[in-house]
Each structure stands twice: as C-alpha cells, then as structure tokens.
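Some notes on the structure that comes next.
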There are 2 protein chains.
Amino acid sequence: MTKARTGLVKTDKGQQTRATILEAALQMFRERGYEQTTMRAIADRAGVALGNAYYYFHSKEHLIQAFYGRTHEEHLSVADSVLTKERDLKARLLGVMRAKIETVEPYHQFAGKLFATAADPHSPLNPFSDESDPVRQESIAVFADVVTGSTTRVPKDLMTELPYMLWLYHMGIILFWIHDSSPHRARTHRLIDRSVEILVKLIGLASNPLMRPLRRSAVRLMAELREDVSS
Amino acid sequence: MTKARTGLVKTDKGQQTRATILEAALQMFRERGYEQTTMRAIADRAGVALGNAYYYFHSKEHLIQAFYGRTHEEHLSVADSVLTKERDLKARLLGVMRAKIETVEPYHQFAGKLFATAADPHSPLNPFSDESDPVRQESIAVFADVVTGSTTRVPKDLMTELPYMLWLYHMGIILFWIHDSSPHRARTHRLIDRSVEILVKLIGLASNPLMRPLRRSAVRLMAELREDVSS
DNA sequence: GAACAATGTTGAACCTGTTCAAAATTATCT
DNA sequence: AGATAATTTTGAACAGGTTCAACATTGTTC
C-alpha cells in the first residue's frame, strides 16, 4: 500500500549522487530554513538537474525523512553511551532526553516544518505511520532499555507499556522544544528536568498497592492506544 | 507583530461575499479534502475571481482558521447545554469531550491537514499562537467550568492549572481522533471513556495528603509550560 | 565489441498558491 | 448630482513543487 523506499539506488554512482543531494539539502535547511530552501537551489548546489533530485527523493518532504533517520542514528549512539554508564533510572532517562535535544538542536529552525508535516496522518513522515515503524521501534527500544537497565523495579504489567509511554512523553517534549525560543533552549531543559523527576516519582509510586487499580486502567488504556496505531 | 484579522470587511456586500467563499471552501474540503481543493476551484464555486478569495482570506490556511472558529462556536453551545444539566464531574467531562468529537466529525477527512498546519509554530493556526489565543482562552474556560461547576472538590493550587491540563488532554484526544480510522470512530470513543475515568480518579486522588508533593511538582511544571506558551 | 537493458540525468512544461496593479463598484461629502 | 474617497473585484503574472518524455551513461550478455 505504502510507497516504496525513498530513492532508487542501484549503483555506487547513484549512492554518491544521492548523498550529495541530501548533503546540500540539509546544509541549506540549516542555513535558511526549510521554506526558504528551494528544490532548484538544492539541485544547483548539488550540481545536478532539478529532476534528478526528484529521482532520489520523491518529494521535498522526503528529504525530511532522511534527516529524521540521520539524527535518529546519532541519538542512538549518544544515548547508548549514557546507558552503559548509568544505572540510576532518573539519570538514565535524563541522559537520554538531553541527548535527544542536543542531537536535534542544529535543526531547530526547520524542525517546526518537520513536525508539521509529520503530524499529517497521510504523510509517510508521520511518526505513527507504517513507514516510520522501524525508527519508532528502535526509539521505543531505547526507552525499554532505560528502564530495564536501571535499578528501579517496575510492576510487570506496567513494564509492558512503559517504554511506549516514555516514547510518547519524549514526543511531547520535542513538541515543546519546537515551540521553545528561549536562549539555549533553557526552558526545554528545565521542563525535562522537572518532568523526568515527576515521571520517576510516578514510576516509583506505581508499585504501591494502593495504586494498583489506577495503574491497571492506565496500562489498559495504553495498550489500546498502541493497538490503534499499529493496525 | 502579527497579521491583522483575516479579511477586511467593511460592507454588507463584503460580508456576504466572504461568507459565500467560506461556504464554498468548507463544502469542497468536506467533499474532496483539503489538498484536492484548489483555490481556483473555491473561487469558481463561489462565483468570484481568484484574487477575491485572497482579499478575504490571506491564504488557503486561513480558511482553516475560519473552520476552526466555526466548529469551536458549535462546540461551545453543545458543551454549554451539557454543563447546565450535569453536576457530576465525570459526566461533565465526558459530555464535553463527546460533544467535541461530534462537532468535528464531518471534517475528519481533512482534519489531518488542519492539525498538520497547526503544528507549525510559525503558522497563525498554531493552537499556541497569539492569533488563536482568543479561541484557546474560551476553550480553556470551558474546562474550567467543567470542574468548578461540578460537585468534586479540587485543591486550590491544582485548580489553577487543571483547566489548562484538561485542554491539553483534549488536544491529545483530537490528535488520536485524527489518526483514528475505526468505524464510527469507535476507538476514539473508547479512549475517551477510559481516559476520562482515569482522569477523574486522578483528580479525586489529588486531594490525598500523600499526593501533595507530587501534585505540587506537577502544578509547577504546568505553570512553567504555560508561561512558555504565552511569552 | 555490438546489442540490449538497466540505471541515471536532463530540462521543459504543468499545476497551484500567491501577489499586485489596475478596474469596477459602492459609500460619503458638498 | 458631481466629485472624491473607500471598498471590492478582477485577471494576469510569478514562484516553486512536481511530472515526464527524451537523452546519456553504465552494466550485461552473447
């Protein structure tokens, strides 16, 4: 049903051209933002014809997806180095979240457009879409690791859903970050600090027997949420 | 800083033309979706020249804003009738949420694009932007009413932030609804049922002295979130 | 190496959102 | 009414994303 993978590359030369175009695009996106960067300009800087850019990227939006994958990989590696060092849940979550923000910072200016495109359910960039499933799964796996690799014990039923919950939480933070125009993104950092603290408290509380009914409803709710997404 | 109000209307005739164009637009959006509807087609159906549509709506996106305002008003009135009948917090919140979904249902098909546009921080449609402030404030006021008009007592510090929290929650539900392709939007309705139940439980728990520290951090977090938005 | 197929590249043409100067209409004033 | 100003309407022109048929290059087969 969904489109084929972006870009038809069968040759080394093809690979090379594709990379050149992507490089040109990301560079210009950083320099003058998404809107201001014209497909013609990208092709020019890459030294290819306009049509050639479309041979490798079905649309201007698909260039965003490439960016997506790139920062994602970067985040994976930075997050990984945090997760091998720390055992404390709070430190782990904090580290991963900070890594995310830092990874993505150079693109703050055009991240808005990115997210906007991504919000459209018909867009392949949509974080809930089939097409972004691989990236999403990896992302969720990171949050699973955050919890399982920590010293905090989590009730089994919650453990099933917690990674996805944290992923959603992290999407919320990204949303805030996009709107954050404070110097050095200070507010986002403060928000992360505070929200992580609360989350960790909540996760701690979750084991309390008093919390059981609430926890169960929350878990069931999440399960349903996920079901909808993947169907 | 921000643009003047959409559409410069000084005359009855102007008002009339504006309405005709908006009507044509919404109708076509419903029929074939946002993307498929061309500004030229809208102008045609409204029986005016292309440029004239732009005289009343600065851009195609601004037509969405008009739609926004319209469903908003409709929701206000439906919600109001619920809030005068019911005293029980759960029933009130449930009623308001269901009213929202029903109001917005006819536009499900192009709501995706709507939300996508809205997600861009530079867009005037952005629900956090100055330009949508009036609508947002009214919306938040509804949720304030939901709580204060109910029989449930809420700690004062929480009460300050709760309406905004509920508004955010409602945005989340809308986001889910947009992605919901189940028949009759069954999943969204189930999600509302379950999440409202949880929320009401949580609000009940919030008065518990044990919850005080957590509640306080949550409130402070929210206050900060809002601050960022309005600055 | 010649013939053929697969892959990559080109640029003109198309579509649609948007702008704008000029024209038409309507309101206001004397 | 006539003159003048304000408002509304027009359509041509522009810009940038996208498509596509033709051309060029590279790989494969005999």
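Note on naming: chains are A, B, ... as they come in the structure tokens, residues start from 1 per chain, ligands start from 1 in the order shown.
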Self-check item: chain B contacts to chain C at 8 Å (only C-alpha atoms (C1' of nucleotides)) as a ChimeraX atom specification
Solution: /B:38-39,59-60
Self-check item: Distance-based interface of chain B with chain D, 12 Å, counting only C-alpha atoms (C1' of nucleotides), as a PyMOL selection string
Solution: chain B and resi 7-18+40+43+47-56
Exercise. Find the residues of chain B in contact range of chain A, meaning any atom within 6 Å when counting only C-alpha atoms, and list them as a ChimeraX atom specification.
Key: /B:112-113,116-117,119-121,179
Just to be explicit: take each residue in the selection above, keep C-alpha atoms, and write the result as an mmCIF file, in the first residue's frame.
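Final file, again.cif:
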```
data_model
loop_
_atom_site.group_PDB
_atom_site.id
_atom_site.type_symbol
_atom_site.label_atom_id
_atom_site.label_comp_id
_atom_site.auth_asym_id
_atom_site.auth_seq_id
_atom_site.Cartn_x
_atom_site.Cartn_y
_atom_site.Cartn_z
ATOM 1 C CA GLY B 112 -5.238 15.797 9.345
ATOM 2 C CA LYS B 113 -4.064 18.623 7.194
ATOM 3 C CA ALA B 116 -0.522 19.399 10.445
ATOM 4 C CA THR B 117 -0.645 23.059 9.586
ATOM 5 C CA ALA B 119 1.599 22.099 14.416
ATOM 6 C CA ASP B 120 3.942 24.528 12.729
ATOM 7 C CA PRO B 121 4.975 27.128 15.301
ATOM 8 C CA HIS B 179 -5.424 9.083 13.291
#
```
Quiz item: So how many Å separate CA of Ala79 in chain B and CA of His62 in chain B, to one decimal?
Solution: 25.4 Å
Practice problem: Have a look at CA of Thr71 in chain A and CA of Tyr34 in chain A and let me know their distance in Å, one decimal. | Solution: 16.4 Å
